[in-house]
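Below is work_18.txt, holding compact mmCIF, C-alpha atoms.
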# COMPACT_ATOMS: atom_id res chain seq x y z
CA MET A 150 9.23 -27.42 -17.25
CA SER A 151 11.51 -28.31 -14.38
CA ALA A 152 13.30 -25.81 -12.15
CA THR A 153 16.49 -25.75 -10.13
CA PRO A 154 16.64 -25.00 -6.43
CA ASN A 155 19.55 -22.62 -6.85
CA ASP A 156 21.09 -20.29 -4.28
CA LEU A 157 18.37 -17.72 -4.83
CA VAL A 158 15.60 -20.21 -4.08
CA HIS A 159 17.54 -21.38 -1.04
CA GLU A 160 17.83 -17.81 0.19
CA LEU A 161 14.16 -17.12 -0.55
CA LEU A 162 13.06 -20.03 1.61
CA ALA A 163 15.48 -19.11 4.39
CA GLU A 164 14.31 -15.51 4.36
CA SER A 165 10.68 -16.61 4.19
CA VAL A 166 11.05 -18.66 7.35
CA LEU A 167 12.48 -15.57 9.07
CA ALA A 168 9.73 -13.33 7.72
CA TRP A 169 7.03 -15.68 8.96
CA ARG A 170 8.76 -15.95 12.33
CA VAL A 171 8.60 -19.73 12.43
CA ALA A 172 11.32 -21.99 13.79
CA ALA A 173 12.84 -23.91 10.89
CA ARG A 174 16.13 -24.45 9.13
CA VAL A 175 16.64 -24.61 5.38
CA GLU A 176 19.46 -26.73 3.98
CA ARG A 177 20.58 -28.12 0.68
CA GLU A 178 20.25 -31.77 -0.16
CA GLY A 179 22.48 -32.41 -3.11
CA ALA A 180 22.09 -30.33 -6.24
CA ASP A 181 18.39 -30.89 -6.80
CA ALA A 182 16.62 -30.42 -3.51
CA LEU A 183 16.23 -28.34 -0.38
CA VAL A 184 15.06 -29.64 2.96
CA ILE A 185 13.39 -27.69 5.71
CA ALA A 186 13.52 -28.98 9.24
CA GLY A 187 10.85 -27.48 11.43
CA ALA A 188 7.46 -28.43 12.76
CA LYS A 189 7.29 -30.79 9.80
CA ASP A 190 9.89 -32.29 7.51
CA ILE A 191 9.72 -30.71 4.09
CA ARG A 192 11.60 -31.52 0.93
CA ILE A 193 11.47 -29.27 -2.11
CA ALA A 194 12.77 -30.70 -5.35
CA CYS A 195 12.72 -30.03 -9.04
CA ALA A 196 9.80 -31.66 -10.77
CA PRO A 197 10.63 -34.41 -13.25
CA PRO A 198 10.98 -33.24 -16.84
CA HIS A 199 7.97 -33.14 -19.13
CA VAL A 200 5.39 -32.52 -16.41
CA PRO A 201 3.34 -29.34 -16.35
CA PHE A 202 4.72 -28.03 -13.06
CA ARG A 203 8.12 -26.98 -11.82
CA TRP A 204 8.46 -28.24 -8.26
CA THR A 205 7.48 -31.02 -5.94
CA VAL A 206 6.93 -30.38 -2.26
CA THR A 207 7.03 -33.39 0.07
CA ILE A 208 5.63 -32.78 3.54
CA ASP A 209 5.92 -35.62 6.05
CA GLY A 210 6.12 -38.11 3.23
CA ARG A 211 3.29 -36.79 1.07
CA THR A 212 4.35 -35.28 -2.24
CA ARG A 213 2.38 -32.62 -4.09
CA PRO A 214 3.25 -30.65 -7.20
CA ALA A 215 3.73 -26.90 -7.26
CA ILE A 216 3.46 -24.90 -10.42
CA SER A 217 5.59 -21.98 -9.25
CA LEU A 218 7.65 -20.61 -6.38
CA VAL A 219 4.58 -18.77 -5.15
CA ALA A 220 2.82 -22.12 -4.84
CA VAL A 221 5.86 -23.61 -3.08
CA LEU A 222 5.82 -20.81 -0.54
CA ARG A 223 2.13 -21.33 0.11
CA GLN A 224 2.55 -25.05 0.77
CA VAL A 225 5.57 -24.54 2.99
CA ARG A 226 3.87 -21.82 5.01
CA GLU A 227 0.74 -23.92 5.49
CA ALA A 228 2.92 -26.73 6.82
CA LEU A 229 5.07 -24.69 9.16
CA ASP A 230 2.83 -21.94 10.45
CA PRO A 231 -0.32 -23.13 12.24
CA SER A 232 -1.53 -19.55 12.62
CA TYR A 233 -1.44 -18.97 8.88
CA ALA A 234 -4.85 -18.59 7.36
CA ALA A 235 -4.32 -19.06 3.67
CA ASN A 236 -5.56 -15.96 1.98
CA ARG A 237 -5.88 -16.91 -1.65
CA VAL A 238 -5.92 -13.42 -2.95
CA ARG A 239 -5.78 -12.92 -6.64
CA ILE A 240 -4.48 -9.62 -7.81
CA ALA A 241 -5.25 -8.76 -11.35
CA VAL A 242 -2.70 -6.29 -12.56
CA ALA A 243 -5.13 -5.38 -15.27
CA PRO A 244 -4.57 -4.22 -17.84
CA LEU A 245 -1.23 -5.95 -17.97
CA VAL A 246 -0.09 -3.31 -20.41
CA PRO A 247 -1.54 0.14 -20.99
CA SER A 248 -4.47 0.31 -23.36
CA MET B 212 -9.94 5.72 -14.57
CA GLY B 213 -11.65 8.63 -16.25
CA ALA B 214 -10.05 12.00 -16.81
CA ASP B 215 -12.82 13.53 -14.71
CA ALA B 216 -12.13 11.31 -11.70
CA ILE B 217 -12.64 13.19 -8.46
CA PRO B 218 -9.80 13.21 -5.95
CA VAL B 219 -10.69 11.96 -2.49
CA SER B 220 -8.36 13.01 0.29
CA VAL B 221 -8.35 11.36 3.67
CA LEU B 222 -7.73 13.61 6.66
CA THR B 223 -6.72 11.57 9.66
CA GLY B 224 -4.91 12.07 12.96
CA PHE B 225 -5.32 11.01 16.55
CA LEU B 226 -8.02 12.37 18.86
CA GLY B 227 -7.56 16.07 19.50
CA SER B 228 -4.82 16.51 16.95
CA GLY B 229 -6.55 19.41 15.19
CA LYS B 230 -8.17 17.81 12.14
CA THR B 231 -11.41 19.72 12.40
CA THR B 232 -9.73 23.03 13.15
CA MET B 233 -7.56 22.70 10.09
CA LEU B 234 -10.42 21.58 7.88
CA ARG B 235 -12.52 24.52 9.05
CA HIS B 236 -9.72 26.85 7.98
CA LEU B 237 -9.24 25.13 4.63
CA LEU B 238 -12.91 25.22 3.72
CA ARG B 239 -12.85 29.00 4.02
CA GLN B 240 -10.27 29.23 1.25
CA PRO B 241 -11.63 29.97 -2.22
CA GLU B 242 -9.83 27.00 -3.77
CA PHE B 243 -11.71 24.67 -1.42
CA SER B 244 -15.12 26.08 -2.23
CA ARG B 245 -16.00 23.09 -4.41
CA THR B 246 -15.25 20.51 -1.76
CA ALA B 247 -17.61 17.89 -0.39
CA VAL B 248 -16.83 16.78 3.14
CA ILE B 249 -17.57 13.46 4.78
CA ILE B 250 -16.94 13.49 8.46
CA ASN B 251 -16.95 10.54 10.80
CA GLU B 252 -17.24 10.80 14.52
CA PHE B 253 -16.87 8.07 17.05
CA GLY B 254 -19.35 8.33 19.85
CA GLU B 255 -22.93 8.97 20.60
CA VAL B 256 -23.00 12.65 19.81
CA GLY B 257 -21.15 14.09 16.89
CA LEU B 258 -19.81 17.58 17.24
CA ASP B 259 -17.20 18.02 14.56
CA HIS B 260 -19.72 18.70 11.83
CA GLU B 261 -21.13 21.53 13.92
CA LEU B 262 -17.73 23.15 13.90
CA ILE B 263 -17.37 23.24 10.16
CA GLU B 264 -19.05 25.75 7.98
CA ALA B 265 -19.87 24.13 4.71
CA SER B 266 -22.72 23.89 2.33
CA GLU B 267 -25.14 21.53 4.00
CA ASP B 268 -25.87 19.50 0.92
CA SER B 269 -22.23 18.73 0.31
CA PHE B 270 -21.58 17.81 3.90
CA ILE B 271 -22.27 14.37 5.27
CA GLU B 272 -21.77 13.07 8.75
CA LEU B 273 -21.34 9.38 9.41
CA GLN B 274 -22.13 8.67 12.99
CA THR B 275 -22.86 5.00 13.22
CA GLY B 276 -19.43 4.02 14.39
CA CYS B 277 -15.78 4.24 13.66
CA LEU B 278 -15.28 4.60 9.95
CA CYS B 279 -12.50 2.07 9.74
CA CYS B 280 -14.10 -0.88 11.38
CA LYS B 281 -17.88 -0.69 11.29
CA ILE B 282 -19.16 1.27 8.38
CA ARG B 283 -17.01 0.70 5.37
CA SER B 284 -20.08 -0.20 3.41
CA ASP B 285 -21.73 2.97 4.67
CA LEU B 286 -18.80 4.97 3.37
CA SER B 287 -19.02 3.30 0.01
CA GLN B 288 -22.76 3.88 -0.13
CA THR B 289 -22.34 7.48 0.96
CA LEU B 290 -19.79 8.15 -1.76
CA ALA B 291 -21.98 6.51 -4.37
CA ASP B 292 -24.96 8.61 -3.24
CA LEU B 293 -22.87 11.74 -3.31
CA LEU B 294 -21.80 11.04 -6.88
CA ARG B 295 -25.39 10.36 -7.90
CA ARG B 296 -26.58 13.62 -6.38
CA ARG B 297 -23.78 15.43 -8.18
CA ASP B 298 -24.71 13.82 -11.48
CA GLU B 299 -28.34 14.78 -11.04
CA GLY B 300 -27.50 18.33 -9.99
CA ARG B 301 -29.06 17.81 -6.59
CA CYS B 302 -26.14 19.16 -4.58
CA THR B 303 -23.64 21.96 -4.78
CA PRO B 304 -21.15 21.05 -7.50
CA PHE B 305 -17.88 19.77 -6.14
CA ASP B 306 -14.64 18.60 -7.64
CA ARG B 307 -12.93 17.33 -4.51
CA ILE B 308 -13.97 15.17 -1.57
CA VAL B 309 -12.37 15.23 1.86
CA ILE B 310 -13.05 12.43 4.34
CA GLU B 311 -12.25 13.36 7.90
CA THR B 312 -11.85 10.16 9.90
CA SER B 313 -12.43 9.76 13.58
CA GLY B 314 -9.33 10.07 15.72
CA LEU B 315 -9.45 6.36 16.46
CA ALA B 316 -9.71 5.24 12.87
CA ASP B 317 -7.26 2.99 11.14
CA PRO B 318 -6.95 4.70 7.75
CA ALA B 319 -5.99 1.56 5.84
CA PRO B 320 -9.48 0.04 5.40
CA ILE B 321 -10.75 3.41 4.31
CA LEU B 322 -8.10 3.62 1.62
CA GLN B 323 -8.93 0.09 0.56
CA THR B 324 -12.59 0.99 0.18
CA LEU B 325 -11.67 3.91 -2.03
CA MET B 326 -9.48 1.74 -4.19
CA THR B 327 -11.63 -1.32 -4.59
CA ASP B 328 -15.32 -0.64 -4.31
CA ALA B 329 -16.72 -1.28 -7.75
CA ALA B 330 -19.45 1.32 -7.44
CA ILE B 331 -17.04 4.18 -6.85
CA ALA B 332 -13.52 3.11 -7.81
CA GLY B 333 -13.81 4.16 -11.42
CA ARG B 334 -14.98 7.67 -10.61
CA LEU B 335 -12.83 8.52 -7.63
CA VAL B 336 -9.11 8.66 -7.24
CA LEU B 337 -7.19 8.68 -3.99
CA GLY B 338 -5.95 12.22 -3.53
CA GLY B 339 -3.62 11.44 -0.69
CA VAL B 340 -3.57 11.02 3.06
CA VAL B 341 -3.01 13.98 5.37
CA THR B 342 -2.29 13.28 9.02
CA THR B 343 -2.42 15.91 11.74
CA VAL B 344 -0.05 15.48 14.66
CA ASP B 345 -0.51 17.36 17.90
CA ALA B 346 2.94 18.61 18.90
CA VAL B 347 2.02 18.73 22.57
CA ASN B 348 0.90 15.15 23.04
CA ALA B 349 2.27 13.31 20.04
CA MET B 350 5.36 11.84 21.69
CA GLY B 351 3.27 10.05 24.27
CA THR B 352 0.52 9.19 21.85
CA LEU B 353 2.93 7.67 19.36
CA GLU B 354 4.47 5.64 22.15
CA ARG B 355 1.18 4.23 23.37
CA GLU B 356 -1.21 4.10 20.46
CA GLY B 357 -0.64 1.78 17.54
CA ILE B 358 -3.37 3.53 15.57
CA SER B 359 -1.51 6.80 15.90
CA GLN B 360 1.64 5.18 14.55
CA LYS B 361 -0.28 3.83 11.60
CA GLN B 362 -1.92 7.18 10.89
CA VAL B 363 1.53 8.75 10.65
CA ALA B 364 3.05 5.87 8.71
CA VAL B 365 0.55 6.02 5.85
CA ALA B 366 0.57 9.81 5.48
CA ASP B 367 1.48 11.63 2.29
CA ARG B 368 1.57 14.88 4.27
CA ILE B 369 2.00 15.37 8.01
CA VAL B 370 0.67 18.57 9.55
CA LEU B 371 2.07 19.57 12.93
CA THR B 372 -0.45 21.41 15.11
CA LYS B 373 -0.28 23.20 18.48
CA LEU B 374 3.40 23.99 18.03
CA ASP B 375 2.91 27.19 20.00
CA LEU B 376 2.19 25.06 23.06
CA ALA B 377 4.83 22.46 22.51
CA GLY B 378 7.85 24.03 24.16
CA SER B 379 11.15 22.51 23.10
CA GLU B 380 9.89 19.12 21.97
CA LYS B 381 9.84 19.88 18.25
CA PRO B 382 13.24 18.44 17.25
CA ALA B 383 12.62 15.20 19.14
CA LEU B 384 9.15 14.93 17.64
CA LEU B 385 10.45 15.48 14.11
CA ASN B 386 12.96 12.68 14.64
CA ARG B 387 10.18 10.47 15.90
CA LEU B 388 7.99 11.22 12.90
CA GLU B 389 10.89 10.54 10.56
CA ALA B 390 11.31 7.13 12.17
CA PHE B 391 7.74 6.27 11.19
CA ASN B 392 7.55 8.02 7.84
CA ALA B 393 10.62 9.67 6.47
CA GLY B 394 9.13 10.54 3.13
CA ALA B 395 6.10 12.63 4.00
CA PRO B 396 6.75 16.39 4.05
CA VAL B 397 5.96 17.95 7.43
CA LEU B 398 3.84 21.11 7.31
CA ILE B 399 3.05 23.48 10.15
CA ALA B 400 -0.45 24.63 11.03
CA ASP B 401 -0.83 27.78 13.07
CA HIS B 402 -4.17 27.56 14.86
CA GLY B 403 -5.46 25.54 11.95
CA ARG B 404 -4.04 27.88 9.32
CA VAL B 405 -1.87 26.03 6.88
CA ASP B 406 -0.74 26.64 3.33
CA SER B 407 -3.73 25.16 1.54
CA SER B 408 -1.82 24.65 -1.68
CA LEU B 409 0.47 22.16 0.04
CA VAL B 410 -2.00 20.07 1.98
CA PHE B 411 -4.07 18.12 -0.51
CA ASN B 412 -1.76 18.13 -3.50
CA SER B 413 -0.29 14.74 -2.79
CA GLY B 414 -2.32 12.65 -5.18
CA LEU B 415 -0.54 9.56 -6.30
CA TYR B 416 -2.06 9.89 -9.69
CA ASP B 417 -3.51 12.98 -11.29
CA PRO B 418 -6.20 11.97 -13.77
CA GLN B 419 -6.13 15.40 -15.39
CA THR B 420 -2.47 15.39 -16.26
CA LYS B 421 -1.98 11.63 -16.20
CA SER B 422 1.08 12.23 -14.13
CA ALA B 423 1.88 11.27 -10.62
CA ASP B 424 3.48 12.93 -7.66
CA VAL B 425 6.24 10.49 -8.35
CA ASN B 426 9.18 12.66 -7.49
CA ALA B 427 7.72 13.66 -4.17
CA TRP B 428 7.05 10.26 -2.85
CA LEU B 429 10.11 8.70 -4.36
CA ALA B 430 12.05 11.07 -2.14
CA GLU B 431 11.26 8.41 0.42
CA GLU B 432 13.83 6.33 -1.34
CA ALA B 433 16.48 8.72 -0.08
CA HIS B 434 15.38 7.93 3.45
CA ALA B 435 14.92 4.31 2.73
CA HIS B 436 16.36 3.05 5.95
CA ALA B 437 14.35 5.07 8.41
CA ARG B 438 13.42 2.66 11.14
CA HIS B 439 11.23 2.23 14.11
CA ASP B 440 11.03 -0.89 16.26
CA ALA B 441 7.95 -2.12 14.45
CA ILE B 442 7.38 0.09 11.42
CA LYS B 443 10.02 0.15 8.73
CA THR B 444 10.34 2.11 5.52
CA PHE B 445 12.49 0.83 2.71
CA ALA B 446 12.70 0.94 -1.04
CA ILE B 447 13.62 -1.71 -3.54
CA VAL B 448 15.15 -0.65 -6.82
CA ARG B 449 15.48 -2.72 -9.97
CA GLN B 450 17.51 -1.78 -13.01
CA GLU B 451 15.97 -4.37 -15.30
CA PRO B 452 12.37 -4.09 -16.49
CA ILE B 453 9.96 -6.39 -14.68
CA PRO B 454 7.63 -8.63 -16.71
CA ALA B 455 3.99 -7.87 -15.96
CA VAL B 456 3.31 -11.41 -14.83
CA ALA B 457 6.27 -11.30 -12.41
CA LEU B 458 4.92 -8.10 -10.89
CA THR B 459 1.50 -9.73 -10.51
CA LEU B 460 2.94 -12.81 -8.81
CA PHE B 461 5.12 -10.64 -6.58
CA LEU B 462 2.22 -8.51 -5.39
CA GLU B 463 0.10 -11.60 -4.91
CA ALA B 464 2.76 -13.26 -2.74
CA LEU B 465 3.27 -10.09 -0.72
CA ALA B 466 -0.44 -9.78 -0.08
CA GLU B 467 -0.80 -13.43 0.75
CA HIS B 468 2.07 -13.67 3.19
CA CYS B 469 2.26 -10.30 4.84
CA GLY B 470 -0.73 -8.30 3.62
CA ALA B 471 -1.76 -7.02 7.01
CA ASP B 472 1.78 -5.80 7.65
CA ILE B 473 2.12 -3.78 4.47
CA LEU B 474 0.86 -0.45 5.68
CA ARG B 475 1.53 1.15 2.33
CA LEU B 476 3.30 0.39 -0.88
CA LYS B 477 3.93 2.91 -3.63
CA GLY B 478 6.00 2.47 -6.69
CA ILE B 479 6.86 3.32 -10.24
CA VAL B 480 7.62 0.21 -12.25
CA ASN B 481 9.33 -0.32 -15.56
CA ILE B 482 7.16 -3.06 -17.03
CA ALA B 483 8.99 -5.07 -19.67
CA GLU B 484 5.99 -5.01 -21.99
CA SER B 485 5.59 -1.24 -21.66
CA PRO B 486 9.05 0.33 -21.62
CA ASP B 487 7.91 3.88 -22.43
CA ARG B 488 4.93 4.07 -20.13
CA PRO B 489 5.73 3.26 -16.51
CA ALA B 490 3.13 1.82 -14.18
CA VAL B 491 2.35 3.51 -10.90
CA ILE B 492 1.35 0.94 -8.31
CA HIS B 493 -0.22 1.57 -4.97
CA GLY B 494 -1.31 -0.79 -2.24
CA VAL B 495 -2.62 -0.77 1.28
CA GLN B 496 -2.29 -4.01 3.21
CA HIS B 497 -3.57 -6.82 0.99
CA VAL B 498 -5.34 -4.54 -1.49
CA PHE B 499 -3.64 -3.18 -4.56
CA HIS B 500 -5.00 -0.54 -6.84
CA PRO B 501 -4.92 -1.35 -10.54
CA PRO B 502 -1.81 0.30 -11.95
CA ALA B 503 -2.06 3.74 -13.45
CA TRP B 504 -0.04 4.13 -16.62
CA LEU B 505 1.89 7.35 -17.03
CA HIS B 506 2.24 8.82 -20.50
CA HIS B 507 5.97 9.02 -20.06
CA TRP B 508 8.72 8.69 -17.49
CA PRO B 509 8.89 11.67 -15.13
CA SER B 510 12.71 11.79 -15.45
CA ASP B 511 15.58 10.02 -17.13
CA ASP B 512 15.65 7.54 -14.29
CA ARG B 513 13.90 4.47 -15.65
CA ARG B 514 14.57 2.15 -12.77
CA SER B 515 11.66 0.48 -11.00
CA ARG B 516 11.41 1.90 -7.51
CA ILE B 517 8.96 0.60 -4.95
CA VAL B 518 8.68 2.17 -1.51
CA PHE B 519 7.38 0.04 1.36
CA ILE B 520 6.07 1.13 4.72
CA THR B 521 5.71 -2.07 6.67
CA ARG B 522 5.34 -3.53 10.09
CA ARG B 523 8.08 -6.11 10.69
CA VAL B 524 8.46 -7.23 7.08
CA PRO B 525 12.14 -7.93 6.39
CA GLN B 526 13.49 -5.94 3.46
CA ARG B 527 15.69 -8.78 2.32
CA TRP B 528 12.73 -11.14 2.04
CA VAL B 529 10.94 -8.68 -0.24
CA GLU B 530 14.06 -8.23 -2.39
CA VAL B 531 14.71 -11.95 -2.75
CA LEU B 532 11.03 -12.64 -3.43
CA LEU B 533 10.98 -10.25 -6.38
CA GLU B 534 14.32 -11.50 -7.66
CA ALA B 535 13.35 -15.18 -7.43
CA ILE B 536 9.97 -14.68 -9.05
CA GLY B 537 11.58 -12.61 -11.81
CA ASP B 538 14.11 -15.39 -12.41
CA GLU B 539 11.40 -18.03 -12.55
CA VAL B 540 9.30 -16.05 -15.00
CA ALA B 541 12.34 -15.46 -17.22
CA ASP B 542 13.21 -19.14 -17.03
CA VAL B 543 9.71 -20.19 -18.08
CA GLN B 544 9.73 -17.70 -20.94
CA VAL B 545 13.03 -19.11 -22.24
CA MET B 546 11.71 -22.66 -22.02
CA HIS B 547 8.58 -21.71 -23.91
CA GLN B 548 10.69 -20.10 -26.60
CA LEU B 549 12.83 -23.21 -26.92
CA GLN B 550 9.77 -25.43 -27.07
CA SER B 551 8.18 -23.30 -29.76
CA GLN B 552 11.37 -23.49 -31.86
CA ARG B 553 11.58 -27.27 -31.54
CA PRO B 554 10.38 -29.10 -34.68
CA SER B 555 7.15 -30.91 -34.00
Structure encoded using structure tokens:
Amino acid sequence: MSATPNDLVHELLAESVLAWRVAARVEREGADALVIAGAKDIRIACAPPHVPFRWTVTIDGRTRPAISLVAVLRQVREALDPSYAANRVRIAVAPLVPS
Amino acid sequence: MGADAIPVSVLTGFLGSGKTTMLRHLLRQPEFSRTAVIINEFGEVGLDHELIEASEDSFIELQTGCLCCKIRSDLSQTLADLLRRRDEGRCTPFDRIVIETSGLADPAPILQTLMTDAAIAGRLVLGGVVTTVDAVNAMGTLEREGISQKQVAVADRIVLTKLDLAGSEKPALLNRLEAFNAGAPVLIADHGRVDSSLVFNSGLYDPQTKSADVNAWLAEEAHAHARHDAIKTFAIVRQEPIPAVALTLFLEALAEHCGADILRLKGIVNIAESPDRPAVIHGVQHVFHPPAWLHHWPSDDRRSRIVFITRRVPQRWVEVLLEAIGDEVADVQVMHQLQSQRPS
């Protein structure tokens, strides 16, 4: 279930850093990872194959899985933005299709 | 949402901008005879309700504080009580509710209450936001008062008042209003008199016709780059249908990362699982209304179009967020398909 940190993911992280107004720089590290240099060192990589998540996020040496890009963004924001109060909203677009 | 859902319109505008004067005029019109009014005043002694002639039992004054910050639960309770009295025939029948906020109210929490409170959400539908703007003082007020900016930014209709006193400031003021909210039509009130048919007809979703005022508010798309230093309006447009789960994740990420800065979001979305029935979405800050499903597309244009009124949220971030989430969802769907085709 692995992903690829392609140009779009790179741009998303770069734009996210701008949107959150935190000082950080997003760069590629080979074909399979992105690194973010800011208040903490962050490495985002594809998860190994055959695991039930898509990404790994390593923050100052500690690696955690992330099931989706939304989860990646949450972990990165928590690491970089001390003023961020994680608001774990859940929006049910229900019904998903018209009844 | 039931077909008999009652539209609730929010009448807002800064202190002294003519809300009560206009409402007093509107309530004299025959088409507003079945209107219940909730009025909120900020201060020890409320006066506005004294200025409005309306049936006493369909008129409620909330005086315990500013509607937006102190008495959201009171508003919810008041609306629930009003509906109960209507059901039991204990008040004059009404088929519309108008909430007049105090001049210092942030309208966003009020809209959120209307959209989310379980006791009332199923029976009420947001009928739109009307903001009065005093042509004499608005330039200064908009410069100084963030609340005033927000009241204008979230409006579906803007009503200019006191133009007779405003001298030559009108063109500059119109430019200023466009910078905050290019999409809302600007109406003129003459001593409170305004074309009543145009004021409260801005409902995002009409439960009677199951249609939306889509064309009106999508006109904002044409002005999608109107800008102010802090408040920006933009639209994102997608040709390809959006999977329902991608839309859910997108809205969730928006709310999580910049909820407070999304003053309003309105859109018509081509959901991949429902190509013939578009979804109308609507959000205020971190709260999103469940989508309303139209019976059919309002025109041949089947693109998803979402209009944002935000405070310092970069447009490109929103575009890339939707694109990246859409890609990820598509990628996962392909992988699941491949896995299901693989022999076990």
Quiz item: Which neighbours of range 478-488 of chain B fall inside 6 Å, counting only C-alpha atoms, when residues of the same chain fewer than 4 positions from it are skipped, and could you give them as a VMD selection string?
Solution: chain B and resid 452 to 455 492 505 to 507 515 to 518
Compute the chain B side of the contact with chain A at 10 Å, counting all atoms listed in the file, and hand it back as a PDB file with C-alpha atoms, keeping the file's coordinate frame.
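As a result, result01.pdb now contains:
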ATOM      1  CA  PRO B 454       7.630  -8.630 -16.710  1.00  0.00           C
ATOM      2  CA  ALA B 455       3.990  -7.870 -15.960  1.00  0.00           C
ATOM      3  CA  VAL B 456       3.310 -11.410 -14.830  1.00  0.00           C
ATOM      4  CA  LEU B 458       4.920  -8.100 -10.890  1.00  0.00           C
ATOM      5  CA  THR B 459       1.500  -9.730 -10.510  1.00  0.00           C
ATOM      6  CA  LEU B 460       2.940 -12.810  -8.810  1.00  0.00           C
ATOM      7  CA  PHE B 461       5.120 -10.640  -6.580  1.00  0.00           C
ATOM      8  CA  LEU B 462       2.220  -8.510  -5.390  1.00  0.00           C
ATOM      9  CA  GLU B 463       0.100 -11.600  -4.910  1.00  0.00           C
ATOM     10  CA  ALA B 464       2.760 -13.260  -2.740  1.00  0.00           C
ATOM     11  CA  LEU B 465       3.270 -10.090  -0.720  1.00  0.00           C
ATOM     12  CA  ALA B 466      -0.440  -9.780  -0.080  1.00  0.00           C
ATOM     13  CA  GLU B 467      -0.800 -13.430   0.750  1.00  0.00           C
ATOM     14  CA  HIS B 468       2.070 -13.670   3.190  1.00  0.00           C
ATOM     15  CA  CYS B 469       2.260 -10.300   4.840  1.00  0.00           C
ATOM     16  CA  GLY B 470      -0.730  -8.300   3.620  1.00  0.00           C
ATOM     17  CA  ILE B 482       7.160  -3.060 -17.030  1.00  0.00           C
ATOM     18  CA  ALA B 483       8.990  -5.070 -19.670  1.00  0.00           C
ATOM     19  CA  GLU B 484       5.990  -5.010 -21.990  1.00  0.00           C
ATOM     20  CA  SER B 485       5.590  -1.240 -21.660  1.00  0.00           C
ATOM     21  CA  PRO B 486       9.050   0.330 -21.620  1.00  0.00           C
ATOM     22  CA  ARG B 488       4.930   4.070 -20.130  1.00  0.00           C
ATOM     23  CA  PRO B 489       5.730   3.260 -16.510  1.00  0.00           C
ATOM     24  CA  ALA B 490       3.130   1.820 -14.180  1.00  0.00           C
ATOM     25  CA  ILE B 492       1.350   0.940  -8.310  1.00  0.00           C
ATOM     26  CA  HIS B 497      -3.570  -6.820   0.990  1.00  0.00           C
ATOM     27  CA  VAL B 498      -5.340  -4.540  -1.490  1.00  0.00           C
ATOM     28  CA  PHE B 499      -3.640  -3.180  -4.560  1.00  0.00           C
ATOM     29  CA  HIS B 500      -5.000  -0.540  -6.840  1.00  0.00           C
ATOM     30  CA  PRO B 501      -4.920  -1.350 -10.540  1.00  0.00           C
ATOM     31  CA  PRO B 502      -1.810   0.300 -11.950  1.00  0.00           C
ATOM     32  CA  ALA B 503      -2.060   3.740 -13.450  1.00  0.00           C
ATOM     33  CA  TRP B 504      -0.040   4.130 -16.620  1.00  0.00           C
ATOM     34  CA  LEU B 505       1.890   7.350 -17.030  1.00  0.00           C
ATOM     35  CA  HIS B 506       2.240   8.820 -20.500  1.00  0.00           C
ATOM     36  CA  ARG B 523       8.080  -6.110  10.690  1.00  0.00           C
ATOM     37  CA  VAL B 524       8.460  -7.230   7.080  1.00  0.00           C
ATOM     38  CA  PRO B 525      12.140  -7.930   6.390  1.00  0.00           C
ATOM     39  CA  GLN B 526      13.490  -5.940   3.460  1.00  0.00           C
ATOM     40  CA  ARG B 527      15.690  -8.780   2.320  1.00  0.00           C
ATOM     41  CA  TRP B 528      12.730 -11.140   2.040  1.00  0.00           C
ATOM     42  CA  VAL B 529      10.940  -8.680  -0.240  1.00  0.00           C
ATOM     43  CA  GLU B 530      14.060  -8.230  -2.390  1.00  0.00           C
ATOM     44  CA  VAL B 531      14.710 -11.950  -2.750  1.00  0.00           C
ATOM     45  CA  LEU B 532      11.030 -12.640  -3.430  1.00  0.00           C
ATOM     46  CA  LEU B 533      10.980 -10.250  -6.380  1.00  0.00           C
ATOM     47  CA  GLU B 534      14.320 -11.500  -7.660  1.00  0.00           C
ATOM     48  CA  ALA B 535      13.350 -15.180  -7.430  1.00  0.00           C
ATOM     49  CA  ILE B 536       9.970 -14.680  -9.050  1.00  0.00           C
ATOM     50  CA  ASP B 538      14.110 -15.390 -12.410  1.00  0.00           C
ATOM     51  CA  GLU B 539      11.400 -18.030 -12.550  1.00  0.00           C
ATOM     52  CA  VAL B 540       9.300 -16.050 -15.000  1.00  0.00           C
ATOM     53  CA  ASP B 542      13.210 -19.140 -17.030  1.00  0.00           C
ATOM     54  CA  VAL B 543       9.710 -20.190 -18.080  1.00  0.00           C
ATOM     55  CA  MET B 546      11.710 -22.660 -22.020  1.00  0.00           C
ATOM     56  CA  HIS B 547       8.580 -21.710 -23.910  1.00  0.00           C
TER      57      HIS B 547
END
Quiz item: How would you write as a list in words the residues that get within 7 Å of (3.2, -32.8, -8.2) in the file's frame, counting all atoms listed in the file?
Solution: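 Residues with an atom close enough to that point: Phe202, Trp204, Thr205, Thr212, Arg213, Pro214 and Ala215 of chain A.
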Exercise. One decimal, Å: what's the distance from CA of Pro509 in chain B over to CA of Gln450 in chain B, could you say?
Key: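 These two atoms are separated by 16.1 Å.
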Exercise. Select all residues near (5.1, 4.0, 10.4) (cut-off 8 Å, inclusive, file coordinates), counting all atoms listed in the file, and output them as a VMD selection string.
Key: chain B and resid 360 to 365 390 to 392 439 441 to 444 474 520 to 522
Quiz prompt | Pick from B:Ile217, B:Leu293, B:Val405, B:Ala395, whichever lies nearest to Val340 in chain B using all atoms listed in the file | solution =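 Ranking B:Ile217, B:Leu293, B:Val405, B:Ala395 by distance to Val340 in chain B, first place goes to B:Ala395.
Here CA of Ile310 in chain B is placed at a distance of 15.4 Å from CA of Leu226 in chain B.
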